Amino acid sequence: MQKQRLFIVSNRLPVSILEEGGSLKVLPSSGGLVTAVNSFVAMSGNAYKDISWVGVPGCSPASWMEASRQLPQTAFRYVPVMVFKEQYDHYYNGFANSTLWPLCHYFPSYAEYSEEDYLDYLQVNEHFAETLEQSCVAGDIVWIHDYHLLPLAARLRRSIPGLTIGFFLHIPFPSYELFRLMPRNWQQHLLEGMLGADLVGFHTMDYAAHFLQSVQMVLGLNHDRNIIRQKDRLVKVDVFPISIDYNKFSQAYDDIEVSTMRQKLQVQLQGRKLLFSVDRLDYSKGVHHRLKAYECFLKQYPEYRGKVVFVIVVVPSRDGIAKYAERKRMIDELISNINSQVGDITWQPVIYQYNALAFAEMVGLYTACDVALITPLRDGMNLVAKEFVASRADKRGVLVLSEMAGAARELSDALLINPNDTRELAGKIKEALEMDAEEQALRMVQMRSRIAHYTVKDWAEDFMSELQQIKVRQEQYQEL
Ligand code: G6P
């Protein structure tokens, strides 16, 4: 079979350009989407004729021209989509992150319904379509990612019907009762947008079922074993739980930088137990609830005072949105209260970093900690949970995981908790700290084997192979 060209499309490119005091900084972008798709591209060798990654660089065209000289060598070509700042603000801070994000993460009271934001969201999707139209032709594959780009598949389908288009949603698709809170014409347009793809993928069965229900309620379209017949086309809906590059994490245990970091931490801890968490700044991640539970743990089990330290890393994100800035203030305040009220001169219960971690620092922490606390209030998947498990080549450490994370479906050997239940979480912290080595190993082995058997490569290959299959079925269907 002839190799095809692949266009990956996401809001963000895998690098972000920061304009700072007259100079430009090229930084790796953060978040699950970029991490996973980057690993897939790095692994896909020469399976495609060529690969392009289309997204917004977050800077002016002139800065992009200058920054593109410093970009890391990659297996793909960068295709920037240039958007005016104000329009981008309405699209990204507005509709994507103040309407869709809170609705999809079950925070309906945080959702705003601004017509201006919605129209600019459509306009930015139009810019994506126009950029793609300059390079794409029938026969190419376009793989669209995430909630920023819900209308794009249908828009592209209209101008280039012969494209093979896949769409993957990296966040939860909410129950119809939440989706329907948006104005009816928005609901219709967004769902029709997604159905412009040949294959629509989600992390879990629940998200796929919610989507199918919304399609039925809003568009009146039924499905037959996850296949929707829309006019002359077939659209398949299926589940692909995203994963990580297992070997990269599993083999990092003995890396010199990782071991050095681990040893440094062990010296600093002076025999204390280590709890660890890392998240992007986001109200959906439950950082505040987690800290409350830690405080409750220290009050309920005072024998642990002075014997445990919680290293909490929060990666800056979306701080142009009031709800995020507010969350940051709440976290800062709570940490300072815990340290000043529960800690003392000789012991600081929480060590806090508001910044991204380099790979070796991150794996150093994953492998030095006794317990990883991954307790989102809602999360599409959560790759940190998988990275932690993959990093524990020593089969030690305990994962405390929220049942509200997509990852809980696969990692049922973690200690599962409801993040709203402060007492339960406090109790599980104790249970995790007291778990014997044998049980830790038993649970770790089960979880590691699951992740090792379905890596990000399998995720992407499954998606791509199903995309090809549905395309073939669709062609047969159209010939009838
Ligand atoms: C989540 C989303 C991604 C997004 C990432 C980081 O993982 O699913 O689409 O890129 O968060 O968020 P940001 O707003 O910084 O791109």
# chains A, B, ... in the order shown; residues from 1 in each chain; ligands from 1
>>> closest_atom_pairs(of="chain A", to="ligand 1", cutoff="8 Å", atoms="only C-alpha atoms and all ligand atoms", output="Markdown table")
| residue | atom | partner | partner_atom_place_in_ligand_line | distance |
| --- | --- | --- | --- | --- |
| A:Ser10 | CA | ligand 1 | 9 (O) | 7.3 |
| A:Asn11 | CA | ligand 1 | 9 (O) | 6.9 |
| A:Arg12 | CA | ligand 1 | 16 (O) | 5.9 |
| A:Ser29 | CA | ligand 1 | 15 (O) | 7.2 |
| A:Ser30 | CA | ligand 1 | 6 (C) | 5.6 |
| A:Gly31 | CA | ligand 1 | 5 (C) | 4.0 |
| A:Gly32 | CA | ligand 1 | 7 (O) | 4.3 |
| A:Leu33 | CA | ligand 1 | 3 (C) | 5.1 |
| A:Val34 | CA | ligand 1 | 10 (O) | 6.4 |
| A:Tyr92 | CA | ligand 1 | 14 (O) | 7.7 |
| A:Asn97 | CA | ligand 1 | 14 (O) | 7.5 |
| A:His145 | CA | ligand 1 | 9 (O) | 7.3 |
| A:Asp146 | CA | ligand 1 | 9 (O) | 5.6 |
| A:Tyr147 | CA | ligand 1 | 9 (O) | 7.0 |
| A:His148 | CA | ligand 1 | 9 (O) | 7.3 |
| A:Leu169 | CA | ligand 1 | 8 (O) | 7.6 |
| A:His170 | CA | ligand 1 | 8 (O) | 4.7 |
| A:Ile171 | CA | ligand 1 | 8 (O) | 5.3 |
| A:Arg280 | CA | ligand 1 | 6 (C) | 7.5 |
| A:Ser317 | CA | ligand 1 | 15 (O) | 5.2 |
| A:Arg318 | CA | ligand 1 | 14 (O) | 5.8 |
| A:Gly380 | CA | ligand 1 | 8 (O) | 7.6 |
>>> select_by_dssp(residues="stretch 408-445 of chain A", states="alpha helix (DSSP H)", output="PyMOL selection string")
chain A and resi 422-434+437-445
>>> closest_residue(among="A:Lys248, A:Glu133, A:Asp232, A:His203", to="A:Ala408", atoms="only C-alpha atoms")
A:His203
>>> residues_around(residues="A:Glu192", least_positions_apart="4", cutoff="12 Å", atoms="only C-alpha atoms", output="MDAnalysis selection string")
chainID A and resid 150:155 157:158 185:188 196:197 200 211 214:216 218:221 228 230:231 235
>>> write_last_selection(atoms="N, CA and C atoms", output="compact mmCIF listing (two decimals), in the first residue's frame")
# COMPACT_ATOMS: atom_id res chain seq x y z
N LEU A 150 -13.53 21.09 17.82
CA LEU A 150 -14.70 20.24 17.56
C LEU A 150 -15.34 20.47 16.18
N PRO A 151 -15.43 21.71 15.66
CA PRO A 151 -16.11 21.88 14.36
C PRO A 151 -15.23 21.57 13.15
N LEU A 152 -13.94 21.32 13.38
CA LEU A 152 -13.00 21.31 12.24
C LEU A 152 -13.22 20.16 11.25
N ALA A 153 -13.55 18.98 11.74
CA ALA A 153 -13.65 17.83 10.82
C ALA A 153 -14.72 18.07 9.76
N ALA A 154 -15.90 18.54 10.19
CA ALA A 154 -16.98 18.76 9.21
C ALA A 154 -16.62 19.89 8.25
N ARG A 155 -15.96 20.89 8.77
CA ARG A 155 -15.59 22.04 7.93
C ARG A 155 -14.60 21.59 6.83
N ARG A 157 -14.22 18.49 5.77
CA ARG A 157 -14.90 17.49 4.93
C ARG A 157 -15.62 18.19 3.78
N ARG A 158 -16.20 19.37 4.08
CA ARG A 158 -16.93 20.09 3.02
C ARG A 158 -15.98 20.54 1.91
N ASN A 185 -28.27 25.47 19.35
CA ASN A 185 -27.58 25.52 18.05
C ASN A 185 -26.08 25.26 18.20
N TRP A 186 -25.50 25.59 19.37
CA TRP A 186 -24.08 25.27 19.60
C TRP A 186 -23.93 23.74 19.70
N GLN A 187 -24.84 23.13 20.46
CA GLN A 187 -24.77 21.67 20.61
C GLN A 187 -24.78 20.99 19.24
N GLN A 188 -25.73 21.45 18.40
CA GLN A 188 -25.87 20.82 17.08
C GLN A 188 -24.60 21.00 16.25
N GLY A 196 -18.03 14.98 11.24
CA GLY A 196 -17.34 15.14 9.94
C GLY A 196 -16.16 14.17 9.84
N ALA A 197 -15.74 13.62 10.98
CA ALA A 197 -14.62 12.65 10.97
C ALA A 197 -15.14 11.28 10.54
N VAL A 200 -14.36 8.69 15.48
CA VAL A 200 -14.33 9.59 16.64
C VAL A 200 -13.92 8.75 17.86
N PHE A 211 -21.39 10.53 24.41
CA PHE A 211 -21.40 11.17 23.09
C PHE A 211 -22.53 10.60 22.23
N SER A 214 -25.80 12.01 23.29
CA SER A 214 -26.01 13.40 22.86
C SER A 214 -26.34 13.46 21.37
N VAL A 215 -25.65 12.64 20.58
CA VAL A 215 -25.92 12.62 19.13
C VAL A 215 -27.38 12.21 18.89
N GLN A 216 -27.82 11.25 19.68
CA GLN A 216 -29.19 10.77 19.52
C GLN A 216 -30.20 11.85 19.95
N VAL A 218 -29.74 15.17 20.36
CA VAL A 218 -29.66 16.48 19.70
C VAL A 218 -29.88 16.36 18.19
N LEU A 219 -29.27 15.34 17.58
CA LEU A 219 -29.37 15.25 16.11
C LEU A 219 -30.36 14.18 15.67
N GLY A 220 -30.86 13.41 16.62
CA GLY A 220 -31.83 12.36 16.28
C GLY A 220 -31.20 11.21 15.50
N LEU A 221 -29.88 11.03 15.63
CA LEU A 221 -29.22 9.94 14.89
C LEU A 221 -28.93 8.78 15.84
N ILE A 228 -22.54 5.28 13.24
CA ILE A 228 -23.63 6.22 12.96
C ILE A 228 -23.71 6.40 11.45
N GLN A 230 -24.69 8.76 8.71
CA GLN A 230 -25.03 10.17 8.56
C GLN A 230 -25.07 10.48 7.08
N LYS A 231 -26.28 10.71 6.53
CA LYS A 231 -26.48 10.90 5.09
C LYS A 231 -25.78 9.77 4.34
N VAL A 235 -19.90 6.85 10.29
CA VAL A 235 -18.94 7.37 11.26
C VAL A 235 -18.84 6.37 12.40
>>> select_by_dssp(residues="stretch 174-249 of chain A", states="strand (DSSP E or B)", output="NGL selection string")
:A and (199-202 or 223-224 or 227-230 or 233-239)
>>> closest_residue(among="A:Ala67, A:Arg5, A:Lys49, A:Ala390", to="A:Glu19", atoms="only C-alpha atoms")
A:Ala67
>>> residues_around(residues="A:Gly406", least_positions_apart="5", cutoff="10 Å", atoms="only C-alpha atoms", output="PyMOL selection string")
chain A and resi 171-172+203-207+241-242+378-383+411
>>> write_last_selection(atoms="N, CA and C atoms", output="PDB file, in the first residue's frame")
ATOM      1  N   ILE A 171     -10.317  14.774  26.605  1.00  0.00           N
ATOM      2  CA  ILE A 171     -10.942  15.081  27.903  1.00  0.00           C
ATOM      3  C   ILE A 171     -12.256  14.291  27.985  1.00  0.00           C
ATOM      4  N   PRO A 172     -12.931  14.282  29.131  1.00  0.00           N
ATOM      5  CA  PRO A 172     -14.187  13.530  29.187  1.00  0.00           C
ATOM      6  C   PRO A 172     -15.229  14.135  28.246  1.00  0.00           C
ATOM      7  N   HIS A 203     -11.413   8.153  25.459  1.00  0.00           N
ATOM      8  CA  HIS A 203     -10.587   7.338  26.349  1.00  0.00           C
ATOM      9  C   HIS A 203     -11.350   6.157  26.952  1.00  0.00           C
ATOM     10  N   THR A 204     -12.638   6.360  27.268  1.00  0.00           N
ATOM     11  CA  THR A 204     -13.372   5.309  27.993  1.00  0.00           C
ATOM     12  C   THR A 204     -14.751   5.071  27.359  1.00  0.00           C
ATOM     13  N   MET A 205     -15.332   3.942  27.746  1.00  0.00           N
ATOM     14  CA  MET A 205     -16.663   3.565  27.249  1.00  0.00           C
ATOM     15  C   MET A 205     -17.712   4.590  27.682  1.00  0.00           C
ATOM     16  N   ASP A 206     -17.553   5.101  28.913  1.00  0.00           N
ATOM     17  CA  ASP A 206     -18.531   6.072  29.419  1.00  0.00           C
ATOM     18  C   ASP A 206     -18.577   7.306  28.520  1.00  0.00           C
ATOM     19  N   TYR A 207     -17.381   7.805  28.151  1.00  0.00           N
ATOM     20  CA  TYR A 207     -17.356   9.029  27.337  1.00  0.00           C
ATOM     21  C   TYR A 207     -18.000   8.762  25.978  1.00  0.00           C
ATOM     22  N   PRO A 241      -7.967   3.964  25.025  1.00  0.00           N
ATOM     23  CA  PRO A 241      -7.390   4.588  26.232  1.00  0.00           C
ATOM     24  C   PRO A 241      -5.938   5.004  25.978  1.00  0.00           C
ATOM     25  N   ILE A 242      -5.684   6.281  26.032  1.00  0.00           N
ATOM     26  CA  ILE A 242      -4.341   6.778  25.690  1.00  0.00           C
ATOM     27  C   ILE A 242      -3.333   6.278  26.719  1.00  0.00           C
ATOM     28  N   ARG A 378     -11.923  15.322  38.321  1.00  0.00           N
ATOM     29  CA  ARG A 378     -12.368  14.755  37.031  1.00  0.00           C
ATOM     30  C   ARG A 378     -11.178  14.837  36.087  1.00  0.00           C
ATOM     31  N   ASP A 379     -10.898  13.778  35.350  1.00  0.00           N
ATOM     32  CA  ASP A 379      -9.765  13.806  34.423  1.00  0.00           C
ATOM     33  C   ASP A 379     -10.024  12.819  33.288  1.00  0.00           C
ATOM     34  N   GLY A 380      -9.804  13.282  32.055  1.00  0.00           N
ATOM     35  CA  GLY A 380     -10.053  12.423  30.894  1.00  0.00           C
ATOM     36  C   GLY A 380      -9.340  11.093  31.028  1.00  0.00           C
ATOM     37  N   MET A 381      -8.016  11.125  31.287  1.00  0.00           N
ATOM     38  CA  MET A 381      -7.248   9.906  31.503  1.00  0.00           C
ATOM     39  C   MET A 381      -6.347  10.063  32.724  1.00  0.00           C
ATOM     40  N   ASN A 382      -5.380  10.947  32.645  1.00  0.00           N
ATOM     41  CA  ASN A 382      -4.308  11.213  33.602  1.00  0.00           C
ATOM     42  C   ASN A 382      -3.102  10.315  33.330  1.00  0.00           C
ATOM     43  N   LEU A 383      -2.161  10.885  32.594  1.00  0.00           N
ATOM     44  CA  LEU A 383      -0.969  10.122  32.222  1.00  0.00           C
ATOM     45  C   LEU A 383       0.075  10.094  33.328  1.00  0.00           C
ATOM     46  N   LEU A 411      -6.245   0.990  36.005  1.00  0.00           N
ATOM     47  CA  LEU A 411      -5.349   0.815  37.159  1.00  0.00           C
ATOM     48  C   LEU A 411      -6.151   0.482  38.413  1.00  0.00           C
TER      49      LEU A 411
END
>>> residues_around(residues="A:Val389", least_positions_apart="4", cutoff="7 Å", atoms="only C-alpha atoms", output="list in words")
Ala385, Met444, Met447 and Arg448 of chain A
>>> write_last_selection(atoms="N, CA and C atoms", output="PDB file, in the first residue's frame")
ATOM      1  N   ALA A 385      -0.410   9.203  36.314  1.00  0.00           N
ATOM      2  CA  ALA A 385      -0.598   7.934  37.024  1.00  0.00           C
ATOM      3  C   ALA A 385       0.156   6.816  36.287  1.00  0.00           C
ATOM      4  N   MET A 444       1.910  -3.324  42.029  1.00  0.00           N
ATOM      5  CA  MET A 444       2.718  -2.689  40.987  1.00  0.00           C
ATOM      6  C   MET A 444       2.871  -3.598  39.764  1.00  0.00           C
ATOM      7  N   MET A 447      -0.233  -3.583  37.651  1.00  0.00           N
ATOM      8  CA  MET A 447      -0.458  -2.325  36.926  1.00  0.00           C
ATOM      9  C   MET A 447       0.594  -2.128  35.843  1.00  0.00           C
ATOM     10  N   ARG A 448       1.847  -2.502  36.150  1.00  0.00           N
ATOM     11  CA  ARG A 448       2.917  -2.338  35.154  1.00  0.00           C
ATOM     12  C   ARG A 448       2.656  -3.217  33.944  1.00  0.00           C
TER      13      ARG A 448
END
>>> closest_residue(among="A:Gln2, A:Cys136, A:Gln87, A:Phe128", to="A:Ile51", atoms="only C-alpha atoms")
A:Cys136
>>> atom_distance(atom1="atom CA of A:Gly22", atom2="atom CA of A:Met65")
14.8 Å
